[in-house]
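Asks: Dropping in upload.cif, which is mmCIF, C-alpha atoms:
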data_entry
#
loop_
_atom_site.label_atom_id
_atom_site.label_comp_id
_atom_site.auth_asym_id
_atom_site.auth_seq_id
_atom_site.Cartn_x
_atom_site.Cartn_y
_atom_site.Cartn_z
CA MET A 1 5.96 7.80 -9.92
CA VAL A 2 2.88 8.51 -12.03
CA LEU A 3 3.49 5.27 -13.96
CA CYS A 4 3.68 3.31 -10.67
CA PHE A 5 0.33 4.64 -9.52
CA ALA A 6 -1.15 4.17 -13.00
CA ALA A 7 -0.07 0.51 -13.02
CA MET A 8 -1.41 -0.05 -9.49
CA THR A 9 -4.73 1.62 -10.37
CA ALA A 10 -4.96 -0.57 -13.46
CA ALA A 11 -4.18 -3.65 -11.34
CA LEU A 12 -6.88 -2.84 -8.78
CA GLY A 13 -9.34 -1.94 -11.52
CA ALA A 14 -8.68 -5.17 -13.41
CA LEU A 15 -9.00 -7.17 -10.17
CA TYR A 16 -12.31 -5.50 -9.37
CA GLY A 17 -13.49 -6.13 -12.94
CA GLY A 18 -12.68 -9.83 -12.72
CA ARG A 19 -9.72 -9.72 -15.13
CA GLY A 20 -7.33 -11.76 -13.00
CA ARG A 21 -4.42 -12.18 -15.40
CA LEU A 22 -4.48 -8.53 -16.45
CA ALA A 23 -4.51 -7.56 -12.77
CA VAL A 24 -1.47 -9.71 -12.00
CA ALA A 25 0.38 -8.38 -15.07
CA ALA A 26 -0.32 -4.78 -14.05
CA LEU A 27 0.76 -5.56 -10.48
CA ALA A 28 4.02 -7.11 -11.73
CA LEU A 29 4.65 -4.01 -13.85
CA CYS A 30 3.97 -1.78 -10.84
CA PHE A 31 6.39 -3.83 -8.74
CA ALA A 32 9.13 -3.59 -11.39
CA LEU A 33 8.66 0.17 -11.83
CA SER A 34 8.57 0.73 -8.07
CA THR A 35 11.75 -1.28 -7.54
CA GLY A 36 13.57 0.73 -10.18
CA LEU A 37 12.31 4.02 -8.79
CA PHE A 38 13.24 3.02 -5.22
CA LEU A 39 16.81 2.18 -6.25
CA PHE A 40 17.03 5.46 -8.16
CA GLU A 41 15.79 7.46 -5.16
CA ILE A 42 18.15 5.90 -2.60
CA ASP A 43 21.24 6.00 -4.82
CA SER A 44 23.51 8.84 -3.76
CA PRO A 45 26.23 10.29 -6.05
CA VAL A 46 28.50 10.53 -2.99
CA ASP A 47 27.71 7.36 -0.99
CA GLY A 48 26.04 5.10 -3.56
CA PHE A 49 23.71 2.78 -1.65
CA ARG A 50 25.80 2.87 1.51
CA MET A 51 24.73 4.64 4.71
CA PRO A 52 28.02 5.86 6.26
CA TRP A 53 26.20 8.14 8.72
CA LEU A 54 25.01 5.07 10.64
CA ARG A 55 28.54 4.27 11.70
CA GLY A 56 28.40 7.37 13.89
CA MET B 1 -35.31 -32.98 19.99
CA ILE B 2 -34.03 -30.41 17.58
CA ARG B 3 -30.29 -30.50 17.28
CA ALA B 4 -28.61 -27.22 16.53
CA ALA B 5 -26.87 -27.12 13.18
CA ARG B 6 -23.14 -27.50 13.62
CA THR B 7 -20.36 -26.40 11.38
CA ALA B 8 -16.97 -28.02 11.32
CA PRO B 9 -14.44 -26.28 13.62
CA GLY B 10 -12.18 -25.72 10.60
CA ALA B 11 -14.93 -23.78 8.83
CA ASP B 12 -15.41 -21.53 11.87
CA LEU B 13 -11.68 -20.89 11.99
CA ALA B 14 -11.57 -20.10 8.28
CA ARG B 15 -14.48 -17.68 8.69
CA LEU B 16 -12.64 -15.99 11.57
CA GLY B 17 -9.57 -15.73 9.35
CA ASP B 18 -11.63 -14.12 6.58
CA LEU B 19 -13.00 -11.63 9.10
CA GLY B 20 -9.48 -10.81 10.23
CA LEU B 21 -8.33 -10.19 6.66
CA LEU B 22 -11.34 -7.97 6.01
CA ALA B 23 -10.56 -6.01 9.17
CA MET B 24 -6.94 -5.65 7.98
CA LEU B 25 -8.10 -4.41 4.58
CA THR B 26 -10.42 -1.88 6.22
CA GLY B 27 -7.64 -0.72 8.55
CA LEU B 28 -5.21 -0.19 5.68
CA ALA B 29 -7.88 1.71 3.74
CA ALA B 30 -8.23 3.96 6.80
CA VAL B 31 -4.44 4.49 6.93
CA LEU B 32 -4.38 5.49 3.26
CA THR B 33 -7.31 7.84 3.87
CA VAL B 34 -5.48 9.52 6.76
CA ALA B 35 -2.45 9.97 4.49
CA MET B 36 -4.61 11.79 1.93
CA VAL B 37 -6.22 13.93 4.65
CA LEU B 38 -2.80 14.94 6.03
CA GLN B 39 -1.72 15.82 2.50
CA TYR B 40 -4.67 17.99 1.53
CA VAL B 41 -5.87 19.34 4.89
CA ASP B 42 -2.50 19.87 6.59
CA GLY B 43 -0.59 20.56 3.37
CA GLU B 44 2.00 17.84 4.05
CA LEU B 45 3.09 16.78 0.60
CA PRO B 46 4.55 13.26 0.42
CA CYS B 47 8.16 12.70 -0.59
CA PRO B 48 9.03 10.10 -3.28
CA LEU B 49 9.73 7.37 -0.71
CA CYS B 50 6.48 8.26 1.05
CA LEU B 51 4.63 7.81 -2.23
CA LEU B 52 6.33 4.46 -2.82
CA GLN B 53 5.16 3.37 0.63
CA ARG B 54 1.60 4.21 -0.43
CA VAL B 55 2.12 2.05 -3.53
CA ALA B 56 3.29 -0.83 -1.31
CA LEU B 57 0.22 -0.39 0.93
CA PHE B 58 -2.00 -0.57 -2.13
CA GLY B 59 -0.12 -3.75 -3.03
CA VAL B 60 -1.04 -5.25 0.35
CA CYS B 61 -4.66 -4.20 -0.25
CA PHE B 62 -4.52 -5.89 -3.67
CA GLY B 63 -3.61 -9.18 -2.03
CA LEU B 64 -6.31 -8.86 0.62
CA ILE B 65 -8.97 -8.01 -1.99
CA ARG B 66 -7.73 -10.96 -4.08
CA HIS B 67 -8.41 -13.26 -1.12
CA PHE B 68 -12.14 -12.60 -1.46
CA ARG B 69 -12.22 -13.28 -5.20
CA PRO B 70 -13.21 -16.72 -6.56
CA ASP B 71 -10.54 -19.38 -6.85
CA ASP B 72 -7.98 -17.51 -4.79
CA ARG B 73 -6.41 -20.60 -3.17
CA GLY B 74 -4.31 -18.60 -0.77
CA ARG B 75 -2.51 -16.52 -3.38
CA GLY B 76 -4.01 -13.29 -2.07
CA VAL B 77 -2.28 -13.73 1.27
CA GLY B 78 1.00 -14.33 -0.57
CA VAL B 79 0.62 -11.14 -2.60
CA ALA B 80 -0.25 -9.21 0.56
CA LEU B 81 2.92 -10.56 2.20
CA LEU B 82 5.02 -9.37 -0.75
CA GLY B 83 3.44 -5.93 -0.44
CA ALA B 84 4.16 -5.84 3.29
CA LEU B 85 7.79 -6.85 2.71
CA SER B 86 8.14 -4.09 0.11
CA LEU B 87 6.67 -1.61 2.59
CA LEU B 88 9.14 -2.77 5.25
CA VAL B 89 12.14 -2.34 2.93
CA ILE B 90 11.10 1.14 1.71
CA ALA B 91 10.02 2.42 5.12
CA GLY B 92 13.07 0.91 6.80
CA ARG B 93 15.39 2.62 4.35
CA GLN B 94 13.64 5.98 4.81
CA THR B 95 13.81 5.62 8.59
CA LEU B 96 17.54 4.88 8.44
CA LEU B 97 18.00 7.83 6.08
CA ASP B 98 16.72 10.33 8.65
CA ILE B 99 17.32 8.58 11.97
CA CYS B 100 20.66 10.32 12.56
CA PRO B 101 20.11 14.09 12.78
CA ARG B 102 22.22 15.83 10.15
CA PRO B 103 21.80 18.93 7.96
CA GLY B 104 19.26 18.51 5.18
CA HIS B 105 17.95 15.21 6.49
CA GLU B 106 14.99 15.46 8.79
CA TYR B 107 11.86 13.35 8.89
CA VAL B 108 9.30 14.65 6.41
CA GLY B 109 6.06 15.86 7.99
CA ASP B 110 4.87 16.12 11.57
CA ALA B 111 5.02 13.35 14.15
CA VAL B 112 1.81 11.48 14.96
CA LEU B 113 1.71 10.23 18.55
CA GLY B 114 5.44 10.87 18.73
CA LEU B 115 6.41 8.84 15.67
CA HIS B 116 7.05 10.05 12.13
CA MET B 117 5.39 8.51 9.11
CA PRO B 118 8.18 6.15 7.96
CA VAL B 119 8.47 4.71 11.47
CA TRP B 120 4.70 4.15 11.51
CA SER B 121 5.07 2.42 8.14
CA VAL B 122 7.69 0.05 9.59
CA LEU B 123 5.34 -0.81 12.46
CA ILE B 124 2.41 -1.30 10.10
CA ALA B 125 4.50 -3.54 7.83
CA LEU B 126 5.63 -5.68 10.79
CA ALA B 127 2.06 -5.91 12.09
CA VAL B 128 0.74 -7.00 8.68
CA ILE B 129 3.50 -9.60 8.28
CA ALA B 130 2.87 -10.96 11.78
CA ALA B 131 -0.90 -11.06 11.25
CA LEU B 132 -0.62 -12.82 7.89
CA ALA B 133 1.87 -15.33 9.32
CA ALA B 134 -0.52 -16.04 12.20
CA GLN B 135 -3.37 -16.37 9.70
CA VAL B 136 -1.53 -19.01 7.71
CA ALA B 137 -0.22 -20.79 10.83
CA VAL B 138 -3.61 -20.98 12.56
CA VAL B 139 -6.09 -21.12 9.70
CA GLY B 140 -3.85 -22.65 7.05
CA GLY B 141 -4.08 -22.22 3.29
CA THR B 142 -7.30 -21.81 1.37
CA ALA B 143 -8.76 -25.12 0.26
CA GLU B 144 -9.55 -25.44 -3.43
CA GLY B 145 -13.13 -24.46 -4.13
CA ARG B 146 -13.63 -22.84 -0.74
CA VAL B 147 -15.10 -19.33 -0.87
CA PRO B 148 -15.63 -16.89 1.99
CA SER B 149 -19.19 -16.21 3.12
CA PRO B 150 -21.25 -14.14 0.63
CA ARG B 151 -21.75 -11.39 3.20
CA LEU B 152 -18.00 -10.98 3.74
CA VAL B 153 -17.40 -11.09 -0.02
CA ARG B 154 -19.96 -8.30 -0.50
CA VAL B 155 -18.42 -6.09 2.21
CA ALA B 156 -14.92 -6.80 0.85
CA GLY B 157 -16.20 -5.70 -2.56
CA TYR B 158 -17.32 -2.33 -1.18
CA VAL B 159 -14.04 -1.81 0.67
CA GLY B 160 -12.15 -2.88 -2.46
CA LEU B 161 -14.04 -0.32 -4.53
CA TYR B 162 -13.13 2.34 -1.97
CA VAL B 163 -9.45 1.29 -2.15
CA LEU B 164 -9.59 1.49 -5.96
CA THR B 165 -11.05 5.01 -5.68
CA LEU B 166 -8.29 6.00 -3.24
CA CYS B 167 -5.65 4.68 -5.65
CA ALA B 168 -7.17 6.64 -8.54
CA LEU B 169 -7.15 9.79 -6.36
CA ASN B 170 -3.51 9.14 -5.53
CA LEU B 171 -2.78 8.82 -9.25
CA VAL B 172 -4.35 12.23 -9.93
CA SER B 173 -2.50 13.67 -6.94
CA ALA B 174 0.82 12.26 -8.20
CA ILE B 175 0.20 13.81 -11.63
CA LEU B 176 -0.51 17.20 -10.04
CA GLN B 177 2.51 17.00 -7.70
CA CYS B 178 5.10 15.42 -9.98
CA GLY B 179 3.95 15.73 -13.56
CA LEU B 180 6.13 13.30 -15.50
CA GLY B 181 9.25 14.25 -13.56
CA ALA B 182 10.63 14.05 -10.04
CA CYS B 183 8.33 14.51 -7.06
CA HIS B 184 9.13 17.47 -4.81
CA THR B 185 7.48 18.41 -1.57
CA ASP B 186 7.48 22.16 -2.14
CA GLY B 187 4.27 22.28 -4.17
CA TYR B 188 2.12 20.87 -6.95
CA ARG B 189 4.17 21.18 -10.12
CA MET B 190 1.25 20.93 -12.56
CA LEU B 191 -0.82 23.51 -10.67
CA GLY B 192 2.10 25.92 -10.72
CA SER B 193 2.55 25.38 -14.47
CA ALA B 194 -1.15 25.88 -15.09
CA ALA B 195 -1.18 29.09 -13.05
CA ALA B 196 1.88 30.41 -14.91
CA ALA B 197 0.31 29.59 -18.28
CA PHE B 198 -2.92 31.30 -17.23
CA ALA B 199 -1.05 34.38 -16.07
CA ARG B 200 0.59 34.70 -19.49
CA LEU B 201 -2.80 34.84 -21.27
#
So, in terms of structure tokens, how does the structure I just supplied come out?
Replies:
Amino acid sequence: MVLCFAAMTAALGALYGGRGRLAVAALALCFALSTGLFLFEIDSPVDGFRMPWLRG
Amino acid sequence: MIRAARTAPGADLARLGDLGLLAMLTGLAAVLTVAMVLQYVDGELPCPLCLLQRVALFGVCFGLIRHFRPDDRGRGVGVALLGALSLLVIAGRQTLLDICPRPGHEYVGDAVLGLHMPVWSVLIALAVIAALAAQVAVVGGTAEGRVPSPRLVRVAGYVGLYVLTLCALNLVSAILQCGLGACHTDGYRMLGSAAAAFARL
């Protein structure tokens, strides 16, 4: 999580400093890290990515 | 007879679009500020999915700030849309996670105006997507070489600096809450470690 925020802070800082390509690279890194972390957080050892409780 | 200076209707529409994007950026900065206030004043620590939603919101802000930078050519709106879609996916998943009452799965934090935070995030994501779609449909893409008015660019710069400061504060907050491990909502891990180390001295 810290790495996600670090990458986003770097992206915003680079954008504010006029470093466009560095900003986009940091944003892409943030997106990749966030995607991985999101999948890790929602993966359940019992249900995987499924949501069986929604079937009622 | 003095004729009043006229601007092309397209230019007026583009200026209105820029104003709308600036208002959106300011609104999202306010949302992120409220999140920080709820965390530190009310003691409502964010869960990992809540923190990821903040990251997505900062991603939307990135795109909106980008719009006011030179030579944007509409890419900022595209980045903002990607951020809003990410927010919708994360918030939607968290809403579905807790929408059916079951042991150990309740919405994190108190309700605001009857809705919990992930539901608000879904609504915000849908509103941002709708607004950006309307922006592109009505105003169109950014013509090459066109820049927003200097006054709007200056104000966007100040708001952008505030958003950057908020993101840096969130980074420090994430370090205090999570350290380099998982994020839990029962306290600030690094503060507890520091207190324990101090007590051993």
Asks: I'd like the residues picked by the PyMOL selection byres ((chain A) within 10 of (chain B)) written out as a ChimeraX atom specification, using the chain letters and numbers from the file.
Replies: /A:1-13,15-16,18,20,23-24,27,30-31,34-35,37-39,41-42,51,53-56
Asks: Going by the chain IDs and residue numbers used in this file, which residues fall under the PyMOL selection byres ((chain B and resi 23) around 12)? Write them as an mmCIF file with C-alpha atoms, in the coordinates of the input.
Replies:
data_model
loop_
_atom_site.group_PDB
_atom_site.id
_atom_site.type_symbol
_atom_site.label_atom_id
_atom_site.label_comp_id
_atom_site.auth_asym_id
_atom_site.auth_seq_id
_atom_site.Cartn_x
_atom_site.Cartn_y
_atom_site.Cartn_z
ATOM 1 C CA LEU B 16 -12.640 -15.990 11.570
ATOM 2 C CA GLY B 17 -9.570 -15.730 9.350
ATOM 3 C CA ASP B 18 -11.630 -14.120 6.580
ATOM 4 C CA LEU B 19 -13.000 -11.630 9.100
ATOM 5 C CA GLY B 20 -9.480 -10.810 10.230
ATOM 6 C CA LEU B 21 -8.330 -10.190 6.660
ATOM 7 C CA LEU B 22 -11.340 -7.970 6.010
ATOM 8 C CA MET B 24 -6.940 -5.650 7.980
ATOM 9 C CA LEU B 25 -8.100 -4.410 4.580
ATOM 10 C CA THR B 26 -10.420 -1.880 6.220
ATOM 11 C CA GLY B 27 -7.640 -0.720 8.550
ATOM 12 C CA LEU B 28 -5.210 -0.190 5.680
ATOM 13 C CA ALA B 29 -7.880 1.710 3.740
ATOM 14 C CA ALA B 30 -8.230 3.960 6.800
ATOM 15 C CA CYS B 61 -4.660 -4.200 -0.250
ATOM 16 C CA LEU B 64 -6.310 -8.860 0.620
ATOM 17 C CA ILE B 65 -8.970 -8.010 -1.990
ATOM 18 C CA VAL B 128 0.740 -7.000 8.680
ATOM 19 C CA ALA B 131 -0.900 -11.060 11.250
ATOM 20 C CA LEU B 152 -18.000 -10.980 3.740
ATOM 21 C CA VAL B 155 -18.420 -6.090 2.210
ATOM 22 C CA ALA B 156 -14.920 -6.800 0.850
ATOM 23 C CA VAL B 159 -14.040 -1.810 0.670
#
Asks: Give me the box for stretch 22-34 of chain A as lines of an AutoDock Vina configuration file, namely the centre and edge lengths in Å to one decimal of a box along x, y and z that holds every listed atom plus 8 Å on each side.
Replies:
center_x = 2.3
center_y = -4.5
center_z = -12.3
size_x = 29.6
size_y = 26.4
size_z = 24.4
Asks: Point out the residue among B:Gly78, B:Gly109, B:Gly104, B:Gly92 with the least atom-to-atom distance to B:Asp42, counting only C-alpha atoms.
Replies: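 Checking each candidate against B:Asp42, we get B:Gly109 as the closest.
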Asks: Do you have the atom CA of B:Ala14-atom CA of B:Asp71 distance handy?
Replies: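 Rounded to one decimal, the two atoms are 15.2 Å apart.
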Asks: Mind giving me the straight-line distance from atom CA of B:Pro148 to atom CA of B:His67 in Å, one decimal?
Replies: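 Separation of atom CA of B:Pro148 and atom CA of B:His67: 8.7 Å.
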Asks: Please, what distance in Å, to one decimal, runs between atom CA of B:Ser121 and atom CA of B:Gln39?
Replies: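 Going from atom CA of B:Ser121 over to atom CA of B:Gln39, I get 16.0 Å.
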